[in-house]
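Worksheet for the structure shown next.
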Amino acid sequence: LVRPPGKRPLQNKKVLISAGPTREALDPVRYLSNRSSGKMGYAIAKAAQKAGASVTLVSGPVNLPAPNDIERIDVESALQMYDAIVPRASAYDIYIGAAAVADYRPAEIQPHKIKKQQTDSVIHLQRNPDIVADVAALARKPFVVGFAAETDDLDTYALNKMRDKKLDMIAANWVGKLTGGFDSDLNALKVFWPDGGKTLAMTDKQQLAEQLIALIAERIDEKNT
Ligand code: CTP
Ligand code: CA
């Protein structure tokens with residue numbers, strides 16, 4: 001495979017990336033959320049830009065500065081993230097779903113603060129739509145990369161998610177004690193695609209993001225030759 005000299009791996013590519021958690025409001029002062037610092041998604045956005053791509057980052061609430069020269073769309077809930085991503089995804093070459101999207105939202109958002117006396121202590125939940133699966137189901141679909149954060153049976157769950165959601169690639173990582181992930185600056189990934197895979201050893205998230213972007217560029221080049 002020969003790339004013309006001087007051409008960067010994602011030159012002329014448009015990349016859409018989701019990052020961070022979502023927040024699902026219960027009332028004006030409370031929400032349900034996921035543990036996610038957004039660091040991995042932001043590192044991927046920077047790596048894609050460094051590889052020559054034009055990058056749009058759809059971000060849940062995180063404590064990270066907007067990277068230079070990257071268009072950032074701020075959202076809060078999973079439904080807002082869905083609306084920011086699915087209708088525009090066909091205009092992109094690559095979608096990377098690094099966000100920790102809440103799987104459920106409270107069935108009702110109470111307009112007034114819930115008082116402790118008035119609650120029956122049960123929260124009714126409703127399923128959120130699956131953003132990465134719906135992007136992969138588009139008629140004109142980008143190259144779709146999902147994540148799988150698991151505490152058990154990493155390979156099995158990751159491979160099943162790739163198959164069920166019809167992803168072109170999935171990046172799986174262990175979450176929990178002493179494994180990097182979450183708020184850490186370190187992480188390790190097991191990356192799978194339908195006919196192969198590669199383990200990216202524990203390193204800082206920026207290095208890892210660059211290795212992941214290199215793998216994505218290789219897979220796209222291979223598909224186009
Ligand atoms: N994802 C998404 N929309 C959702 C839920 C998840 O786009 N409503 C995406 C995530 O961004 C990630 C991938 O799906 O790229 C896997 O997320 P994960 O939570 O690991 O898998 P789920 O399919 O939600 O399954 P479960 O939580 O039961 O493990
Ligand atoms: Ca989930």
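Here's how to read the names in the structure tokens: chain A, B, ... by the order shown, residue numbers from 1 in each chain, ligand numbers from 1 in the order shown.
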Can you tell me which residues sit at most 10 Å away from ligand 2, counting only C-alpha atoms and all ligand atoms, written as a PDB file with N, CA and C atoms, in the first residue's frame?
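Result file is selection37.pdb:
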ATOM      1  N   ASN A  34     -22.864   8.870  33.499  1.00  0.00           N
ATOM      2  CA  ASN A  34     -21.865   7.808  33.419  1.00  0.00           C
ATOM      3  C   ASN A  34     -20.519   8.359  33.844  1.00  0.00           C
ATOM      4  N   ALA A  99     -18.170   8.465  23.131  1.00  0.00           N
ATOM      5  CA  ALA A  99     -18.961   8.953  24.271  1.00  0.00           C
ATOM      6  C   ALA A  99     -19.503   7.787  25.098  1.00  0.00           C
ATOM      7  N   ALA A 100     -19.645   8.052  26.393  1.00  0.00           N
ATOM      8  CA  ALA A 100     -20.324   7.121  27.304  1.00  0.00           C
ATOM      9  C   ALA A 100     -21.783   7.566  27.377  1.00  0.00           C
ATOM     10  N   VAL A 101     -22.565   7.093  26.415  1.00  0.00           N
ATOM     11  CA  VAL A 101     -23.964   7.521  26.304  1.00  0.00           C
ATOM     12  C   VAL A 101     -24.798   6.788  27.351  1.00  0.00           C
ATOM     13  N   ALA A 102     -25.629   7.518  28.064  1.00  0.00           N
ATOM     14  CA  ALA A 102     -26.518   6.859  29.035  1.00  0.00           C
ATOM     15  C   ALA A 102     -27.491   5.955  28.286  1.00  0.00           C
ATOM     16  N   ASP A 103     -27.616   4.723  28.726  1.00  0.00           N
ATOM     17  CA  ASP A 103     -28.511   3.786  28.047  1.00  0.00           C
ATOM     18  C   ASP A 103     -29.979   4.094  28.323  1.00  0.00           C
ATOM     19  N   TYR A 104     -30.241   4.734  29.454  1.00  0.00           N
ATOM     20  CA  TYR A 104     -31.621   5.048  29.855  1.00  0.00           C
ATOM     21  C   TYR A 104     -31.726   6.494  30.321  1.00  0.00           C
ATOM     22  N   ASN A 128     -32.726   4.870  25.814  1.00  0.00           N
ATOM     23  CA  ASN A 128     -32.280   5.843  24.812  1.00  0.00           C
ATOM     24  C   ASN A 128     -31.975   5.125  23.502  1.00  0.00           C
ATOM     25  N   ASP A 130     -29.730   4.046  20.259  1.00  0.00           N
ATOM     26  CA  ASP A 130     -28.304   3.746  20.147  1.00  0.00           C
ATOM     27  C   ASP A 130     -27.712   4.543  18.979  1.00  0.00           C
ATOM     28  N   PHE A 147     -16.852   1.947  20.629  1.00  0.00           N
ATOM     29  CA  PHE A 147     -16.060   1.574  21.795  1.00  0.00           C
ATOM     30  C   PHE A 147     -16.831   0.544  22.604  1.00  0.00           C
ATOM     31  N   ALA A 148     -16.126  -0.222  23.391  1.00  0.00           N
ATOM     32  CA  ALA A 148     -16.776  -1.118  24.339  1.00  0.00           C
ATOM     33  C   ALA A 148     -15.977  -1.070  25.627  1.00  0.00           C
ATOM     34  N   ALA A 149     -16.566  -0.535  26.663  1.00  0.00           N
ATOM     35  CA  ALA A 149     -15.923  -0.491  27.973  1.00  0.00           C
ATOM     36  C   ALA A 149     -16.535  -1.618  28.790  1.00  0.00           C
ATOM     37  N   GLU A 150     -15.687  -2.551  29.232  1.00  0.00           N
ATOM     38  CA  GLU A 150     -16.219  -3.754  29.875  1.00  0.00           C
ATOM     39  C   GLU A 150     -15.462  -4.066  31.159  1.00  0.00           C
TER      40      GLU A 150
END
Q: Please provide the set of residues having any atom within 10 Å of Glu218 of chain A, restricted to only C-alpha atoms, with same-chain residues fewer than 6 positions apart removed, written as a list of chain:residue names.
A: A:Leu1, A:Pro9, A:Leu10, A:Leu212, A:Asn224
Write out the residues from the selection above, keeping N, CA and C atoms, as a tab-separated table (two decimals), in the first residue's frame.
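See selection_29.tsv below for the written result:
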chain	number	residue	atom	x	y	z
A	1	LEU	N	0.85	-1.20	0.00
A	1	LEU	CA	0.00	0.00	0.00
A	1	LEU	C	0.89	1.24	0.00
A	9	PRO	N	-2.29	10.78	6.66
A	9	PRO	CA	-3.19	9.60	6.59
A	9	PRO	C	-4.67	9.93	6.47
A	10	LEU	N	-5.12	11.04	7.06
A	10	LEU	CA	-6.55	11.38	6.95
A	10	LEU	C	-6.77	12.71	6.22
A	212	LEU	N	-4.69	4.44	17.26
A	212	LEU	CA	-6.04	4.07	16.79
A	212	LEU	C	-6.34	4.75	15.46
A	224	ASN	N	-10.38	0.78	0.18
A	224	ASN	CA	-10.44	1.53	-1.08
A	224	ASN	C	-9.46	1.03	-2.13
Give me the residues near segment 40-42 of chain A as a PDB file with N, CA and C atoms, in the first residue's frame, where near means some atom within 9 Å (using only C-alpha atoms) and where sequence neighbours in that chain fewer than 5 positions away do not count.
ATOM      1  N   ILE A  17     -16.731  12.894  15.857  1.00  0.00           N
ATOM      2  CA  ILE A  17     -16.363  12.143  17.066  1.00  0.00           C
ATOM      3  C   ILE A  17     -17.286  12.541  18.210  1.00  0.00           C
ATOM      4  N   SER A  18     -17.767  11.550  18.971  1.00  0.00           N
ATOM      5  CA  SER A  18     -18.500  11.862  20.198  1.00  0.00           C
ATOM      6  C   SER A  18     -17.595  11.580  21.388  1.00  0.00           C
ATOM      7  N   ALA A  19     -17.760  12.385  22.450  1.00  0.00           N
ATOM      8  CA  ALA A  19     -16.900  12.233  23.623  1.00  0.00           C
ATOM      9  C   ALA A  19     -17.644  12.614  24.890  1.00  0.00           C
ATOM     10  N   GLY A  20     -17.163  12.088  25.991  1.00  0.00           N
ATOM     11  CA  GLY A  20     -17.695  12.467  27.293  1.00  0.00           C
ATOM     12  C   GLY A  20     -18.952  11.696  27.669  1.00  0.00           C
ATOM     13  N   ALA A  47      -5.809  13.701  17.553  1.00  0.00           N
ATOM     14  CA  ALA A  47      -5.019  12.802  16.694  1.00  0.00           C
ATOM     15  C   ALA A  47      -5.544  12.814  15.260  1.00  0.00           C
ATOM     16  N   LEU A  57     -16.354  17.623  16.902  1.00  0.00           N
ATOM     17  CA  LEU A  57     -16.419  16.901  18.171  1.00  0.00           C
ATOM     18  C   LEU A  57     -17.749  17.223  18.839  1.00  0.00           C
ATOM     19  N   SER A  59     -19.640  16.896  22.116  1.00  0.00           N
ATOM     20  CA  SER A  59     -19.148  16.617  23.469  1.00  0.00           C
ATOM     21  C   SER A  59     -20.221  16.764  24.528  1.00  0.00           C
ATOM     22  N   LEU A  64     -12.752  19.789  30.029  1.00  0.00           N
ATOM     23  CA  LEU A  64     -11.608  19.848  29.119  1.00  0.00           C
ATOM     24  C   LEU A  64     -11.781  21.051  28.201  1.00  0.00           C
ATOM     25  N   ALA A  66     -11.801  23.196  24.748  1.00  0.00           N
ATOM     26  CA  ALA A  66     -12.059  22.861  23.348  1.00  0.00           C
ATOM     27  C   ALA A  66     -10.716  22.861  22.616  1.00  0.00           C
ATOM     28  N   PRO A  67     -10.381  21.756  21.908  1.00  0.00           N
ATOM     29  CA  PRO A  67      -9.109  21.739  21.179  1.00  0.00           C
ATOM     30  C   PRO A  67      -9.108  22.799  20.075  1.00  0.00           C
ATOM     31  N   ILE A  96     -16.570   8.192  14.984  1.00  0.00           N
ATOM     32  CA  ILE A  96     -15.970   7.474  16.104  1.00  0.00           C
ATOM     33  C   ILE A  96     -16.786   7.778  17.361  1.00  0.00           C
ATOM     34  N   GLY A  97     -17.480   6.769  17.871  1.00  0.00           N
ATOM     35  CA  GLY A  97     -18.350   6.950  19.039  1.00  0.00           C
ATOM     36  C   GLY A  97     -17.590   6.649  20.323  1.00  0.00           C
ATOM     37  N   ALA A  98     -16.952   7.671  20.869  1.00  0.00           N
ATOM     38  CA  ALA A  98     -16.180   7.490  22.113  1.00  0.00           C
ATOM     39  C   ALA A  98     -16.968   7.943  23.339  1.00  0.00           C
ATOM     40  N   ALA A  99     -18.170   8.465  23.131  1.00  0.00           N
ATOM     41  CA  ALA A  99     -18.961   8.953  24.271  1.00  0.00           C
ATOM     42  C   ALA A  99     -19.503   7.787  25.098  1.00  0.00           C
ATOM     43  N   GLY A 181      -8.305   3.683  31.944  1.00  0.00           N
ATOM     44  CA  GLY A 181      -9.719   3.970  31.693  1.00  0.00           C
ATOM     45  C   GLY A 181     -10.176   5.193  32.482  1.00  0.00           C
ATOM     46  N   PHE A 182     -11.453   5.463  32.456  1.00  0.00           N
ATOM     47  CA  PHE A 182     -12.063   6.582  33.171  1.00  0.00           C
ATOM     48  C   PHE A 182     -11.173   7.813  33.305  1.00  0.00           C
ATOM     49  N   ASP A 185      -4.946   9.112  32.755  1.00  0.00           N
ATOM     50  CA  ASP A 185      -4.335   9.559  31.506  1.00  0.00           C
ATOM     51  C   ASP A 185      -3.830   8.367  30.703  1.00  0.00           C
ATOM     52  N   ASN A 187      -4.365   4.305  29.185  1.00  0.00           N
ATOM     53  CA  ASN A 187      -5.395   3.361  28.761  1.00  0.00           C
ATOM     54  C   ASN A 187      -4.721   2.302  27.882  1.00  0.00           C
ATOM     55  N   LYS A 205      -3.091   8.426  26.757  1.00  0.00           N
ATOM     56  CA  LYS A 205      -4.248   8.419  25.855  1.00  0.00           C
ATOM     57  C   LYS A 205      -3.954   9.087  24.515  1.00  0.00           C
ATOM     58  N   GLN A 206      -3.042  10.086  24.502  1.00  0.00           N
ATOM     59  CA  GLN A 206      -2.736  10.747  23.230  1.00  0.00           C
ATOM     60  C   GLN A 206      -1.994   9.793  22.285  1.00  0.00           C
ATOM     61  N   LEU A 208      -2.124   6.542  22.374  1.00  0.00           N
ATOM     62  CA  LEU A 208      -3.088   5.507  22.020  1.00  0.00           C
ATOM     63  C   LEU A 208      -4.037   6.002  20.924  1.00  0.00           C
ATOM     64  N   ALA A 209      -4.466   7.245  21.054  1.00  0.00           N
ATOM     65  CA  ALA A 209      -5.365   7.837  20.069  1.00  0.00           C
ATOM     66  C   ALA A 209      -4.685   7.881  18.699  1.00  0.00           C
TER      67      ALA A 209
END
Q | Residue set, segment 17-222 of chain A restricted to strand (DSSP E or B), as a ChimeraX atom specification | A | /A:17-19,21,23-27,30-33,54-59,71-74,94-97,100,104-106,125-127,143-150,169-174,186-193,196-204
Q: Compare A:Gly176, A:Ala188, A:Ala171, A:Val15 by their minimum atom-to-atom distance to Leu215 of chain A, counting only C-alpha atoms, and give me the closest one.
A: A:Ala171
**Q.** Filtered DSSP result for segment 59-203 of chain A, state helix (DSSP H, G or I), as a count of residues only
**A.** 31
Q) For ligand 1, which residue out of A:Ala214, A:Ala78, A:Ile220, A:Met169 is the nearest one, using only C-alpha atoms and all ligand atoms? A) A:Ala78
(Q) If we count only C-alpha atoms and set the cut-off at 10 Å, which residues sit around Glu210 of chain A, ignoring sequence neighbours fewer than 6 positions away in its own chain? Please answer as number ranges by chain. (A) A: 43-48, 50-51, 216
Q) Which one of A:Ala217, A:Val175, A:Val132, A:Leu167 sits closest to ligand 1 if you count only C-alpha atoms and all ligand atoms? A) A:Val132
Each residue of segment 46-159 of chain A with at least one atom at most 12 Å from segment 21-28 of chain A should appear once, together with its nearest atom pair and the corresponding distance in Å (one decimal); atoms considered: only C-alpha atoms; ordering: chain, then increasing residue number; output as a tab-separated table.
residue	atom	partner	partner_atom	distance
A:Val58	CA	A:Pro21	CA	10.8
A:Ser59	CA	A:Pro21	CA	8.0
A:Gly60	CA	A:Pro21	CA	5.3
A:Pro61	CA	A:Pro21	CA	6.6
A:Val62	CA	A:Pro21	CA	7.6
A:Asn63	CA	A:Pro21	CA	11.1
A:Asp74	CA	A:Thr22	CA	10.5
A:Val75	CA	A:Thr22	CA	7.8
A:Glu76	CA	A:Thr22	CA	5.4
A:Ser77	CA	A:Arg23	CA	4.9
A:Ala78	CA	A:Thr22	CA	5.6
A:Leu79	CA	A:Glu24	CA	9.1
A:Gln80	CA	A:Thr22	CA	9.0
A:Met81	CA	A:Thr22	CA	7.9
A:Tyr82	CA	A:Thr22	CA	10.7
A:Gly97	CA	A:Pro21	CA	11.4
A:Ala98	CA	A:Pro21	CA	9.3
A:Ala99	CA	A:Pro21	CA	5.8
A:Ala100	CA	A:Pro21	CA	4.7
A:Val101	CA	A:Thr22	CA	5.5
A:Ala102	CA	A:Thr22	CA	5.9
A:Asp103	CA	A:Thr22	CA	9.6
A:Tyr104	CA	A:Glu24	CA	7.9
A:Arg105	CA	A:Glu24	CA	5.3
A:Pro106	CA	A:Leu26	CA	6.0
A:Ala107	CA	A:Leu26	CA	8.7
A:Glu108	CA	A:Leu26	CA	7.2
A:Ile109	CA	A:Leu26	CA	5.0
A:Gln110	CA	A:Asp27	CA	4.7
A:Pro111	CA	A:Asp27	CA	6.0
A:His112	CA	A:Asp27	CA	6.2
A:Lys113	CA	A:Asp27	CA	5.6
A:Ile114	CA	A:Asp27	CA	6.6
A:Lys115	CA	A:Asp27	CA	10.3
A:Thr119	CA	A:Leu26	CA	12.0
A:Val122	CA	A:Leu26	CA	11.7
A:Ile123	CA	A:Leu26	CA	8.7
A:His124	CA	A:Leu26	CA	10.0
A:Leu125	CA	A:Leu26	CA	10.0
A:Gln126	CA	A:Glu24	CA	10.6
A:Arg127	CA	A:Glu24	CA	11.3
A:Asn128	CA	A:Glu24	CA	10.0
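Taking atom CA of Gln207 of chain A as the reference point, atom CA of Ile94 of chain A is found at 19.7 Å.
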